[in-house]
>>> print(open('entry.cif').read())   # mmCIF, C-alpha atoms
data_entry
loop_
_atom_site.label_atom_id
_atom_site.label_comp_id
_atom_site.auth_asym_id
_atom_site.auth_seq_id
_atom_site.Cartn_x
_atom_site.Cartn_y
_atom_site.Cartn_z
CA MET J 1335 30.32 -15.38 -13.26
CA CYS J 1336 28.87 -15.05 -9.77
CA HIS J 1337 30.24 -15.85 -6.36
CA GLY J 1338 28.71 -16.48 -2.95
CA HIS J 1339 28.05 -13.46 -0.70
CA GLY J 1340 31.21 -11.95 0.70
CA GLY J 1341 33.34 -14.18 -1.50
CA ASN J 1342 33.29 -17.07 0.99
CA ALA J 1343 29.89 -18.74 0.96
CA PRO J 1344 29.66 -22.00 -0.96
CA GLY J 1345 27.82 -21.73 -4.24
CA PRO J 1346 27.11 -23.62 -7.43
CA ALA J 1347 29.98 -24.85 -9.52
CA GLY J 1348 31.32 -22.11 -11.78
CA ARG J 1349 29.55 -22.02 -15.10
CA LEU J 1350 31.60 -20.69 -17.97
CA ARG J 1351 29.52 -19.28 -20.81
CA PRO J 1352 31.67 -18.62 -23.89
CA LEU J 1353 30.39 -15.86 -26.14
CA THR J 1354 31.51 -16.02 -29.73
CA CYS J 1355 31.70 -13.43 -32.46
CA GLY J 1356 30.29 -14.47 -35.81
CA SER J 1357 31.58 -13.57 -39.24
CA GLY J 1358 27.96 -13.00 -40.18
CA GLY J 1359 27.70 -10.10 -37.79
CA GLY J 1360 26.44 -11.79 -34.64
CA LEU J 1361 27.41 -12.77 -31.16
CA PHE J 1362 25.90 -15.76 -29.44
CA SER J 1363 26.54 -18.13 -26.58
CA GLY J 1364 28.67 -21.11 -27.46
CA ALA J 1365 26.30 -23.26 -25.44
CA HIS J 1366 23.54 -22.48 -27.94
CA ARG J 1367 25.45 -22.77 -31.19
CA ALA J 1368 23.21 -25.51 -32.56
CA ASP J 1369 20.14 -23.28 -32.53
CA ALA J 1370 21.94 -20.00 -33.26
CA PRO J 1371 20.07 -17.69 -35.64
CA HIS J 1372 20.83 -18.14 -39.31
CA ARG J 1373 23.52 -15.82 -40.64
CA ARG J 1374 22.32 -13.78 -43.57
CA ALA J 1375 25.59 -12.22 -44.62
CA GLY J 1376 25.58 -11.34 -48.28
CA GLU J 1377 27.87 -13.19 -50.60
CA GLY J 1378 31.35 -11.68 -50.61
CA ARG J 1379 30.56 -9.62 -47.50
CA SER J 1380 32.31 -9.92 -44.16
CA VAL J 1381 30.94 -8.45 -40.96
CA LEU J 1382 33.29 -8.30 -37.99
CA GLY J 1383 30.88 -7.24 -35.27
CA TRP J 1384 27.31 -7.04 -34.08
CA LYS J 1385 24.50 -4.75 -35.17
CA PRO J 1386 22.33 -3.20 -32.48
CA ALA J 1387 18.95 -2.06 -33.76
CA GLY J 1388 18.98 0.97 -36.00
CA LEU J 1389 22.65 0.84 -36.91
CA PRO J 1390 23.79 0.73 -40.55
CA LEU J 1391 24.88 -2.90 -40.87
CA PRO J 1392 23.52 -5.20 -43.57
CA GLU J 1393 22.25 -7.79 -41.10
CA ARG J 1394 21.34 -8.10 -37.43
CA LEU J 1395 21.83 -11.09 -35.17
CA ARG J 1396 20.98 -11.49 -31.54
CA LEU J 1397 23.09 -12.15 -28.48
CA ARG J 1398 21.94 -15.39 -26.89
CA ILE J 1399 23.10 -15.73 -23.31
CA PRO J 1400 21.64 -18.06 -20.66
CA GLN J 1401 20.29 -16.48 -17.48
CA LEU J 1402 23.04 -15.93 -14.90
CA ASP J 1403 22.73 -17.80 -11.62
CA ARG J 1404 20.94 -15.44 -9.25
CA LEU J 1405 21.91 -17.62 -6.26
CA SER J 1406 25.37 -16.15 -6.65
CA SER J 1407 26.31 -12.59 -5.89
CA ALA J 1408 29.39 -11.67 -7.91
CA VAL J 1409 30.41 -11.47 -11.55
CA LEU J 1410 33.56 -12.39 -13.45
CA LEU J 1411 33.69 -11.25 -17.08
CA LEU J 1412 36.67 -12.66 -18.98
CA ILE J 1413 38.11 -11.51 -22.33
CA PHE J 1414 40.63 -14.01 -23.63
CA PRO J 1415 42.12 -15.20 -26.93
CA LYS J 1416 42.15 -18.85 -27.96
CA LYS J 1417 45.75 -19.63 -27.00
CA LYS J 1418 47.59 -17.97 -24.14
CA THR J 1419 50.95 -18.15 -25.92
CA GLN J 1420 49.73 -16.42 -29.08
CA GLY J 1421 47.44 -13.71 -27.86
CA GLY J 1422 44.79 -12.34 -30.16
CA ALA J 1423 46.81 -9.52 -31.73
CA TRP J 1424 45.23 -6.72 -33.76
CA ARG J 1425 44.24 -5.84 -37.32
CA SER J 1426 45.74 -2.61 -38.57
CA SER J 1427 45.73 -0.53 -41.75
CA ASP J 1428 48.83 -2.38 -42.98
CA ASN J 1429 47.70 -4.71 -45.77
CA THR J 1430 44.06 -4.08 -44.92
CA THR J 1431 42.68 -6.48 -47.50
CA GLU J 1432 45.05 -9.30 -46.71
CA THR J 1433 45.01 -9.13 -42.92
CA CYS J 1434 41.32 -8.51 -42.38
CA SER J 1435 40.10 -10.84 -45.09
CA GLU J 1436 42.38 -13.58 -43.82
CA ARG J 1437 41.36 -13.01 -40.23
CA LYS J 1438 37.67 -13.43 -40.99
CA MET J 1439 38.48 -16.96 -42.10
CA THR J 1440 40.08 -17.86 -38.75
CA SER J 1441 38.85 -18.39 -35.20
CA TYR J 1442 39.74 -14.75 -34.53
CA GLY J 1443 37.11 -13.55 -36.98
CA SER J 1444 34.41 -16.20 -37.24
CA SER J 1445 32.57 -18.21 -34.63
CA LYS J 1446 32.15 -20.95 -37.22
CA LEU J 1447 35.84 -21.71 -36.80
CA MET J 1448 36.13 -21.39 -33.02
CA GLU J 1449 37.06 -24.56 -31.17
CA ALA J 1450 36.09 -25.72 -27.70
CA ILE J 1451 38.16 -24.37 -24.84
CA THR J 1452 39.35 -25.94 -21.59
CA PHE J 1453 38.20 -24.20 -18.41
CA ASP J 1454 41.37 -23.87 -16.38
CA GLY J 1455 43.16 -21.39 -14.16
CA ILE J 1456 40.89 -18.52 -13.19
CA PHE J 1457 38.15 -20.27 -15.21
CA SER J 1458 38.28 -23.44 -13.10
CA ASN J 1459 35.38 -24.52 -10.90
CA GLN J 1460 37.72 -26.61 -8.73
CA GLN J 1461 38.62 -24.95 -5.43
CA PRO J 1462 42.16 -26.42 -5.20
CA GLN J 1463 42.98 -24.86 -8.60
CA ASN J 1464 41.06 -21.63 -8.11
CA PRO J 1465 40.60 -20.97 -4.38
CA ASP J 1466 38.81 -17.61 -4.47
CA PHE J 1467 36.85 -17.64 -7.73
CA TYR J 1468 35.99 -21.32 -8.24
CA ASN J 1469 32.27 -20.86 -7.53
CA TRP J 1470 31.75 -17.64 -9.46
CA ASN J 1471 29.66 -17.75 -12.57
CA LYS J 1472 32.00 -16.78 -15.38
CA VAL J 1473 31.26 -15.28 -18.78
CA PHE J 1474 34.03 -15.93 -21.30
CA VAL J 1475 34.01 -13.48 -24.22
CA ARG J 1476 35.98 -14.83 -27.18
CA TYR J 1477 38.25 -12.19 -28.68
CA CYS J 1478 37.27 -11.64 -32.30
CA ASP J 1479 37.28 -8.00 -33.43
CA GLY J 1480 41.00 -7.32 -33.97
CA ALA J 1481 41.06 -4.11 -31.90
CA SER J 1482 40.60 -5.12 -28.24
CA PHE J 1483 36.84 -4.45 -28.52
CA SER J 1484 37.46 -0.76 -29.17
CA GLY J 1485 36.79 -0.11 -32.86
CA ASP J 1486 33.78 1.37 -34.63
CA ALA J 1487 34.34 1.89 -38.34
CA GLU J 1488 33.80 0.54 -41.84
CA GLY J 1489 36.24 -0.20 -44.62
CA GLU J 1490 36.47 -1.78 -48.02
CA ALA J 1491 38.85 -4.45 -49.28
CA GLN J 1492 40.52 -4.27 -52.67
CA ASP J 1493 38.01 -6.74 -54.09
CA GLY J 1494 35.12 -4.53 -53.00
CA THR J 1495 34.22 -6.58 -49.94
CA LYS J 1496 32.74 -4.38 -47.23
CA LEU J 1497 34.45 -4.72 -43.86
CA PHE J 1498 32.77 -3.70 -40.61
CA PHE J 1499 34.74 -3.14 -37.41
CA ARG J 1500 32.33 -3.20 -34.47
CA GLY J 1501 34.38 -4.12 -31.41
CA SER J 1502 33.07 -1.25 -29.30
CA ARG J 1503 29.47 -2.11 -30.13
CA ILE J 1504 30.14 -5.78 -29.39
CA TRP J 1505 31.39 -4.81 -25.95
CA ASP J 1506 28.31 -2.67 -25.27
CA ALA J 1507 25.99 -5.42 -26.55
CA VAL J 1508 27.58 -8.08 -24.36
CA VAL J 1509 27.42 -6.01 -21.19
CA ASP J 1510 23.88 -4.76 -21.91
CA GLU J 1511 22.66 -8.31 -22.44
CA LEU J 1512 24.39 -9.60 -19.31
CA MET J 1513 22.87 -6.85 -17.19
CA GLY J 1514 19.48 -8.11 -18.30
CA LYS J 1515 20.44 -11.69 -17.48
CA GLY J 1516 21.23 -11.13 -13.81
CA MET J 1517 24.53 -9.25 -13.76
CA ASP J 1518 22.67 -6.14 -12.57
CA THR J 1519 22.13 -7.84 -9.18
CA ALA J 1520 25.80 -8.69 -8.64
CA LYS J 1521 27.34 -7.80 -5.29
CA GLN J 1522 30.91 -8.22 -6.56
CA ALA J 1523 32.40 -7.93 -10.04
CA LEU J 1524 35.73 -8.50 -11.75
CA LEU J 1525 36.67 -7.78 -15.37
CA ALA J 1526 39.68 -9.81 -16.52
CA GLY J 1527 41.49 -10.35 -19.80
CA CYS J 1528 44.69 -11.72 -21.27
CA SER J 1529 46.95 -10.28 -23.99
CA ALA J 1530 44.80 -8.21 -26.40
CA GLY J 1531 42.00 -8.98 -23.92
CA GLY J 1532 44.20 -7.51 -21.20
CA LEU J 1533 44.38 -4.30 -23.20
CA ALA J 1534 40.59 -4.45 -23.64
CA THR J 1535 40.28 -4.78 -19.87
CA LEU J 1536 42.20 -1.53 -19.41
CA VAL J 1537 40.26 0.26 -22.16
CA HIS J 1538 36.86 -0.72 -20.71
CA CYS J 1539 37.66 -0.90 -17.00
CA ASP J 1540 35.95 2.33 -15.92
CA ASN J 1541 33.07 1.70 -18.33
CA PHE J 1542 32.48 -1.67 -16.67
CA ARG J 1543 32.68 -0.07 -13.22
CA ALA J 1544 30.06 2.51 -14.22
CA ARG J 1545 27.49 -0.22 -14.97
CA PHE J 1546 27.14 -1.07 -11.27
CA PRO J 1547 26.01 0.85 -8.18
CA GLN J 1548 28.86 2.51 -6.29
CA GLU J 1549 28.44 0.18 -3.30
CA VAL J 1550 29.28 -2.86 -5.46
CA PRO J 1551 33.03 -3.70 -5.45
CA VAL J 1552 34.16 -3.70 -9.09
CA LYS J 1553 37.78 -4.29 -10.06
CA CYS J 1554 39.87 -5.10 -13.13
CA LEU J 1555 42.56 -7.71 -13.84
CA PRO J 1556 44.61 -7.21 -17.04
CA ASP J 1557 47.02 -10.09 -17.66
CA GLY J 1558 49.85 -9.92 -20.19
CA GLY J 1559 48.33 -6.78 -21.67
CA PHE J 1560 50.83 -4.10 -20.69
CA PHE J 1561 52.29 -3.49 -24.14
CA LEU J 1562 55.21 -1.09 -24.36
CA ASP J 1563 55.98 1.61 -26.92
CA VAL J 1564 59.69 0.84 -27.26
CA LYS J 1565 62.18 0.67 -30.12
CA ASP J 1566 62.89 -2.72 -31.66
CA LEU J 1567 66.33 -4.03 -32.54
CA SER J 1568 66.42 -1.99 -35.75
CA GLY J 1569 65.54 1.25 -33.96
CA GLU J 1570 61.94 1.34 -35.24
CA ARG J 1571 58.88 1.51 -33.02
CA HIS J 1572 57.16 -1.57 -34.43
CA MET J 1573 54.42 -1.71 -31.80
CA ARG J 1574 53.55 1.95 -32.30
CA SER J 1575 53.17 1.26 -36.02
CA ILE J 1576 50.75 -1.60 -35.28
CA PHE J 1577 48.72 0.45 -32.79
CA ASN J 1578 48.63 3.44 -35.10
CA GLY J 1579 47.17 1.28 -37.85
CA VAL J 1580 44.52 -0.09 -35.48
CA VAL J 1581 43.59 3.37 -34.17
CA GLN J 1582 43.28 4.83 -37.67
CA LEU J 1583 41.56 1.91 -39.39
CA GLN J 1584 39.06 1.13 -36.65
CA ASN J 1585 38.40 4.61 -35.25
CA VAL J 1586 39.50 3.65 -31.76
CA SER J 1587 39.63 7.24 -30.49
CA LYS J 1588 35.99 7.09 -29.39
CA VAL J 1589 36.82 4.88 -26.40
CA LEU J 1590 40.15 6.44 -25.39
CA PRO J 1591 40.49 8.75 -22.35
CA LYS J 1592 39.52 12.30 -23.21
CA ASP J 1593 42.12 13.79 -20.88
CA CYS J 1594 44.85 11.91 -22.76
CA LEU J 1595 43.46 12.84 -26.19
CA ALA J 1596 43.53 16.49 -25.19
CA LYS J 1597 47.32 16.31 -24.81
CA LYS J 1598 48.55 13.43 -26.95
CA ASP J 1599 48.13 11.55 -30.19
CA PRO J 1600 45.39 8.85 -30.11
CA THR J 1601 47.99 6.15 -30.78
CA GLU J 1602 49.90 7.08 -27.61
CA CYS J 1603 46.64 7.02 -25.66
CA PHE J 1604 46.02 3.40 -26.74
CA PHE J 1605 49.12 2.21 -24.89
CA PRO J 1606 48.63 0.95 -21.31
CA ALA J 1607 51.20 3.40 -19.91
CA GLU J 1608 48.77 6.20 -20.82
CA LEU J 1609 45.54 4.31 -20.17
CA ILE J 1610 46.38 3.62 -16.52
CA LYS J 1611 46.78 7.34 -15.85
CA SER J 1612 43.05 7.78 -16.45
CA ILE J 1613 41.65 4.64 -14.79
CA SER J 1614 39.96 5.26 -11.44
CA THR J 1615 38.79 1.66 -10.85
CA PRO J 1616 41.05 -0.54 -8.67
CA THR J 1617 43.19 -2.62 -11.03
CA PHE J 1618 45.61 -5.52 -10.58
CA ILE J 1619 48.25 -5.84 -13.30
CA VAL J 1620 49.75 -9.26 -14.00
CA ASN J 1621 52.67 -9.21 -16.41
CA SER J 1622 56.07 -10.73 -17.01
CA GLU J 1623 59.14 -8.50 -16.99
CA TYR J 1624 60.28 -10.65 -19.92
CA ASP J 1625 56.95 -11.07 -21.68
CA ALA J 1626 57.52 -13.76 -24.31
CA TRP J 1627 55.07 -12.28 -26.83
CA GLN J 1628 56.55 -8.81 -26.55
CA ILE J 1629 60.14 -10.04 -26.80
CA ALA J 1630 59.25 -11.80 -30.06
CA ASN J 1631 56.97 -9.10 -31.50
CA VAL J 1632 57.96 -5.77 -29.94
CA VAL J 1633 61.66 -6.04 -29.11
CA ALA J 1634 62.77 -8.50 -31.80
CA PRO J 1635 60.05 -8.69 -34.47
CA ASP J 1636 60.72 -10.40 -37.77
CA GLY J 1637 62.93 -8.24 -39.98
CA SER J 1638 64.47 -6.26 -37.13
CA TYR J 1639 67.63 -8.36 -36.92
CA PRO J 1640 69.99 -9.97 -39.47
CA GLY J 1641 69.51 -13.62 -40.42
CA ASP J 1642 68.42 -15.83 -37.56
CA THR J 1643 70.60 -14.17 -34.90
CA TRP J 1644 67.65 -13.75 -32.52
CA SER J 1645 65.55 -16.75 -33.51
CA ASN J 1646 66.78 -19.09 -30.79
CA CYS J 1647 66.64 -16.38 -28.11
CA ARG J 1648 63.06 -15.49 -29.02
CA ALA J 1649 62.06 -19.15 -28.82
CA ASN J 1650 63.58 -19.75 -25.38
CA ILE J 1651 65.22 -17.24 -23.06
CA ARG J 1652 67.71 -19.91 -22.00
CA ASN J 1653 69.20 -19.67 -25.49
CA CYS J 1654 69.94 -15.95 -25.23
CA SER J 1655 73.51 -14.69 -25.15
CA SER J 1656 74.70 -12.31 -22.45
CA LYS J 1657 74.35 -9.38 -24.87
CA GLN J 1658 70.81 -10.43 -25.76
CA ILE J 1659 69.94 -10.77 -22.07
CA ASP J 1660 71.16 -7.18 -21.59
CA VAL J 1661 68.65 -6.07 -24.24
CA LEU J 1662 65.88 -7.94 -22.42
CA HIS J 1663 66.93 -6.33 -19.14
CA GLY J 1664 66.42 -2.98 -20.88
CA PHE J 1665 62.86 -3.99 -21.73
CA ARG J 1666 62.33 -4.93 -18.08
CA ARG J 1667 63.58 -1.55 -16.88
CA GLU J 1668 61.21 0.27 -19.22
CA LEU J 1669 58.26 -1.83 -18.06
CA ILE J 1670 59.01 -1.10 -14.41
CA ARG J 1671 59.37 2.61 -15.19
CA GLU J 1672 55.97 2.68 -16.92
CA LEU J 1673 54.38 0.88 -13.96
CA LYS J 1674 55.35 3.61 -11.48
CA VAL J 1675 51.88 5.13 -11.88
CA ALA J 1676 50.27 1.87 -10.77
CA GLU J 1677 52.71 1.50 -7.88
CA GLY J 1678 51.49 4.81 -6.54
CA GLU J 1679 47.79 3.87 -6.58
CA ARG J 1680 46.69 2.72 -3.13
CA ASP J 1681 43.95 0.32 -4.27
CA TRP J 1682 45.90 -1.24 -7.14
CA GLY J 1683 47.93 -4.43 -7.20
CA LEU J 1684 50.90 -5.82 -9.12
CA PHE J 1685 52.32 -9.26 -9.85
CA ILE J 1686 55.29 -8.63 -12.15
CA ASP J 1687 57.48 -11.74 -12.32
CA SER J 1688 60.64 -12.51 -14.26
CA CYS J 1689 59.32 -15.66 -15.96
CA TYR J 1690 59.58 -15.91 -19.75
CA THR J 1691 55.88 -16.28 -20.44
CA HIS J 1692 52.77 -14.52 -21.74
CA CYS J 1693 49.46 -14.64 -19.84
CA GLN J 1694 49.39 -16.38 -16.47
CA THR J 1695 45.78 -16.41 -15.28
CA GLN J 1696 44.12 -18.85 -17.67
CA SER J 1697 46.22 -21.95 -16.91
CA SER J 1698 46.35 -23.69 -13.54
CA ASP J 1699 50.06 -24.34 -14.08
CA SER J 1700 50.75 -20.62 -13.79
CA TRP J 1701 47.62 -19.48 -11.87
CA HIS J 1702 47.71 -21.78 -8.83
CA SER J 1703 49.55 -25.08 -8.57
CA PRO J 1704 52.58 -26.52 -6.75
CA THR J 1705 54.74 -25.50 -9.72
CA SER J 1706 53.28 -22.01 -10.29
CA PRO J 1707 55.56 -18.96 -10.26
CA ARG J 1708 55.67 -17.23 -6.89
CA LEU J 1709 56.43 -13.75 -5.63
CA GLY J 1710 56.60 -13.21 -1.88
CA ASN J 1711 55.77 -16.92 -1.56
CA GLN J 1712 52.41 -16.34 -3.28
CA THR J 1713 50.98 -17.65 -6.53
CA VAL J 1714 49.19 -15.28 -8.91
CA ALA J 1715 45.84 -16.63 -7.63
CA GLU J 1716 46.73 -15.99 -3.99
CA ALA J 1717 47.98 -12.48 -4.70
CA VAL J 1718 44.89 -11.58 -6.76
CA GLY J 1719 42.59 -13.04 -4.10
CA ASP J 1720 44.27 -11.12 -1.27
CA TRP J 1721 44.00 -7.91 -3.31
CA TYR J 1722 40.40 -8.36 -4.42
CA PHE J 1723 39.02 -9.33 -1.00
CA GLY J 1724 41.21 -6.90 0.95
CA ARG J 1725 42.99 -9.56 2.99
CA ARG J 1726 46.23 -7.57 2.72
CA ARG J 1727 46.66 -3.81 2.54
CA VAL J 1728 49.37 -3.84 -0.14
CA VAL J 1729 49.70 -6.53 -2.82
CA LYS J 1730 52.41 -5.22 -5.13
CA GLN J 1731 55.25 -7.49 -6.08
CA ILE J 1732 57.94 -6.75 -8.69
CA ASP J 1733 60.49 -9.48 -9.29
CA CYS J 1734 64.27 -9.21 -9.59
CA GLU J 1735 66.16 -9.68 -12.88
CA TYR J 1736 66.17 -12.95 -14.79
CA PRO J 1737 67.26 -15.61 -13.81
CA CYS J 1738 66.71 -14.84 -10.13
CA ASN J 1739 63.37 -16.58 -9.52
CA PRO J 1740 63.69 -20.37 -9.08
CA THR J 1741 59.89 -20.84 -9.26
CA CYS J 1742 59.83 -19.82 -12.95
CA SER J 1743 59.71 -22.85 -15.23
CA SER J 1744 61.75 -20.86 -17.78
CA GLN J 1745 64.75 -20.46 -15.44
#
>>> encode(input="entry.cif", output="structure tokens")
Amino acid sequence: MCHGHGGNAPGPAGRLRPLTCGSGGGLFSGAHRADAPHRRAGEGRSVLGWKPAGLPLPERLRLRIPQLDRLSSAVLLLIFPKKKTQGGAWRSSDNTTETCSERKMTSYGSSKLMEAITFDGIFSNQQPQNPDFYNWNKVFVRYCDGASFSGDAEGEAQDGTKLFFRGSRIWDAVVDELMGKGMDTAKQALLAGCSAGGLATLVHCDNFRARFPQEVPVKCLPDGGFFLDVKDLSGERHMRSIFNGVVQLQNVSKVLPKDCLAKKDPTECFFPAELIKSISTPTFIVNSEYDAWQIANVVAPDGSYPGDTWSNCRANIRNCSSKQIDVLHGFRRELIRELKVAEGERDWGLFIDSCYTHCQTQSSDSWHSPTSPRLGNQTVAEAVGDWYFGRRRVVKQIDCEYPCNPTCSSQ
């Protein structure tokens, strides 16, 4: 997660250290799983989180993170789900027992079930694939709490199982531990995340910035995390219902902007359109105008349309009828409208393409390759690099309507 001085000096190959969240209440480095502390979770008890000393959890496990490379001088902290196409999603108050109890038995709730990941895209330590960040030390934080690392609450399932939601404490524990492992000496820092991790990046952006001295350049890179509060095909606000459940169940209000909470409902303040109004840290938003996850889960979620009339369109934008494309254009217009705040921020950046995809920074195919999507003849990696290192004054690109961009593989 560290880079040579000034972003140009050669350094050690990037070392990606995946942190995993245990169902027994602990976080530890994936590189040390064999000697991870024994989980002492009581029978029938699930702990989704980590217990700092003195907090009322039934067990306490340590973070185990290798020392960061002090030869480097910059930090890249990454919050990503397992699969870029799925995202990590959230756990809400809807069917609390079923959703949370099921989640703890998946890779999104237990480190015991997490699989190895491929270091690609912005994770890559190969300069041709990752020209500006290849030699940064990288810390990969596996998404596991079901609330974009923002919750702090307890609940109880129908069978009496105690459920702990500790995303906010997990975030604090990770950053605290990393500061003690060399991140406190960083001369450059970038917080990045995809999907639910992209939302977490927005939620914690200013908090991350505040951990470093003012002279240290700290910026944020949310990818595929700009979720919209729009009506679905049936006229319901499905995404608002999901976010409301998360906010209520996991007590998310604690980490939301106070200026927003003073005027609006906490659920509204959890949406990126409101979050960006309160972020003072330079931020670069990567998102598709036709985000595949949002089309399938926000615009046309299951049950919002009759029969299978939208099934083929959701699966592949090429299958959409002209009327369906008009609906997707409406989603695009709303996204662009909500991004006006970011357009007006001098130190911010945008890469908003018209490709039918979700998350574009964690795969070399979309991050930086001969076949990557381009805006202004730049890949995502080139645009982010120019923005972060100040090589161009303005790096804000918003694509035209689908199917105008021939560099999109979905066209």
>>> closest_residue(input="entry.cif", among="J:Arg1500, J:Leu1524, J:Ser1482, J:Asp1493", to="Val1409 in chain J", atoms="all atoms listed in the file")
J:Leu1524
>>> residues_around(input="entry.cif", residues="Asp1540 in chain J", least_positions_apart="6", cutoff="8 Å", atoms="all atoms listed in the file", output="list in words")
Ile1613, Ser1614 and Thr1615 of chain J
>>> closest_residue(input="entry.cif", among="J:Leu1555, J:Val1550, J:Leu1536, J:Cys1528", to="Gln1694 in chain J", atoms="all atoms listed in the file")
J:Cys1528
>>> residues_around(input="entry.cif", residues="range 1666-1675 of chain J", least_positions_apart="3", cutoff="7 Å", atoms="only C-alpha atoms", output="ChimeraX atom specification")
/J:1607,1611,1623-1624,1662-1663,1678-1679
>>> atom_distance(input="entry.cif", atom1="CA of Gln1460 in chain J", atom2="CA of Trp1505 in chain J")
28.5 Å
>>> closest_residue(input="entry.cif", among="J:Gln1658, J:Gln1731, J:Ser1444, J:Ser1622", to="Ser1645 in chain J", atoms="only C-alpha atoms")
J:Gln1658
>>> closest_atom_pairs(input="entry.cif", of="range 1467-1528 of chain J", to="range 1562-1586 of chain J", cutoff="7 Å", atoms="all atoms listed in the file", output="JSON lines")
{"residue": "J:Ala1481", "atom": "CA", "partner": "J:Val1580", "partner_atom": "CA", "distance": 6.4}
{"residue": "J:Ser1484", "atom": "CA", "partner": "J:Val1586", "partner_atom": "CA", "distance": 5.5}
{"residue": "J:Gly1485", "atom": "CA", "partner": "J:Gln1584", "partner_atom": "CA", "distance": 4.6}
{"residue": "J:Asp1486", "atom": "CA", "partner": "J:Gln1584", "partner_atom": "CA", "distance": 5.7}
{"residue": "J:Ala1487", "atom": "CA", "partner": "J:Gln1584", "partner_atom": "CA", "distance": 5.1}
{"residue": "J:Phe1499", "atom": "CA", "partner": "J:Gln1584", "partner_atom": "CA", "distance": 6.1}
>>> resolve_selection(input="entry.cif", expression="the PyMOL selection byres ((chain J and resi 1685) around 7)", output="compact mmCIF listing (two decimals) with C-alpha atoms, in the frame of the given file")
# COMPACT_ATOMS: atom_id res chain seq x y z
CA ILE J 1619 48.25 -5.84 -13.30
CA VAL J 1620 49.75 -9.26 -14.00
CA ASN J 1621 52.67 -9.21 -16.41
CA LEU J 1684 50.90 -5.82 -9.12
CA ILE J 1686 55.29 -8.63 -12.15
CA ASP J 1687 57.48 -11.74 -12.32
CA VAL J 1714 49.19 -15.28 -8.91
CA LYS J 1730 52.41 -5.22 -5.13
CA GLN J 1731 55.25 -7.49 -6.08
CA ILE J 1732 57.94 -6.75 -8.69
>>> resolve_selection(input="entry.cif", expression="the PyMOL selection byres ((chain J and resi 1609) around 12)", output="ChimeraX atom specification")
/J:1532-1540,1556,1559-1562,1589-1595,1598,1600-1608,1610-1615,1617,1672-1673,1675-1676
>>> decode(input="entry.cif", residues="range 1600-1626 of chain J", atoms="C-alpha atoms", output="PDB file, in the first residue's frame")
ATOM      1  CA  PRO J1600     -30.826   9.198   7.960  1.00  0.00           C
ATOM      2  CA  THR J1601     -31.771   6.934   5.050  1.00  0.00           C
ATOM      3  CA  GLU J1602     -31.471   9.836   2.594  1.00  0.00           C
ATOM      4  CA  CYS J1603     -28.103  10.740   4.098  1.00  0.00           C
ATOM      5  CA  PHE J1604     -26.792   7.228   3.357  1.00  0.00           C
ATOM      6  CA  PHE J1605     -27.162   7.773  -0.392  1.00  0.00           C
ATOM      7  CA  PRO J1606     -24.084   9.044  -2.277  1.00  0.00           C
ATOM      8  CA  ALA J1607     -25.976  12.041  -3.690  1.00  0.00           C
ATOM      9  CA  GLU J1608     -26.160  13.394  -0.126  1.00  0.00           C
ATOM     10  CA  LEU J1609     -22.820  12.063   1.107  1.00  0.00           C
ATOM     11  CA  ILE J1610     -20.817  13.929  -1.544  1.00  0.00           C
ATOM     12  CA  LYS J1611     -22.287  17.244  -0.395  1.00  0.00           C
ATOM     13  CA  SER J1612     -20.402  16.866   2.891  1.00  0.00           C
ATOM     14  CA  ILE J1613     -17.090  15.391   1.685  1.00  0.00           C
ATOM     15  CA  SER J1614     -14.192  17.844   1.693  1.00  0.00           C
ATOM     16  CA  THR J1615     -11.491  15.359   0.593  1.00  0.00           C
ATOM     17  CA  PRO J1616     -10.668  15.256  -3.152  1.00  0.00           C
ATOM     18  CA  THR J1617     -12.621  12.354  -4.642  1.00  0.00           C
ATOM     19  CA  PHE J1618     -12.668  10.641  -8.034  1.00  0.00           C
ATOM     20  CA  ILE J1619     -15.942   8.905  -8.912  1.00  0.00           C
ATOM     21  CA  VAL J1620     -15.860   5.973 -11.333  1.00  0.00           C
ATOM     22  CA  ASN J1621     -19.292   4.742 -12.378  1.00  0.00           C
ATOM     23  CA  SER J1622     -21.223   3.500 -15.371  1.00  0.00           C
ATOM     24  CA  GLU J1623     -24.191   5.501 -16.622  1.00  0.00           C
ATOM     25  CA  TYR J1624     -25.821   2.090 -17.137  1.00  0.00           C
ATOM     26  CA  ASP J1625     -24.539   0.347 -14.025  1.00  0.00           C
ATOM     27  CA  ALA J1626     -25.364  -3.335 -14.507  1.00  0.00           C
TER      28      ALA J1626
END
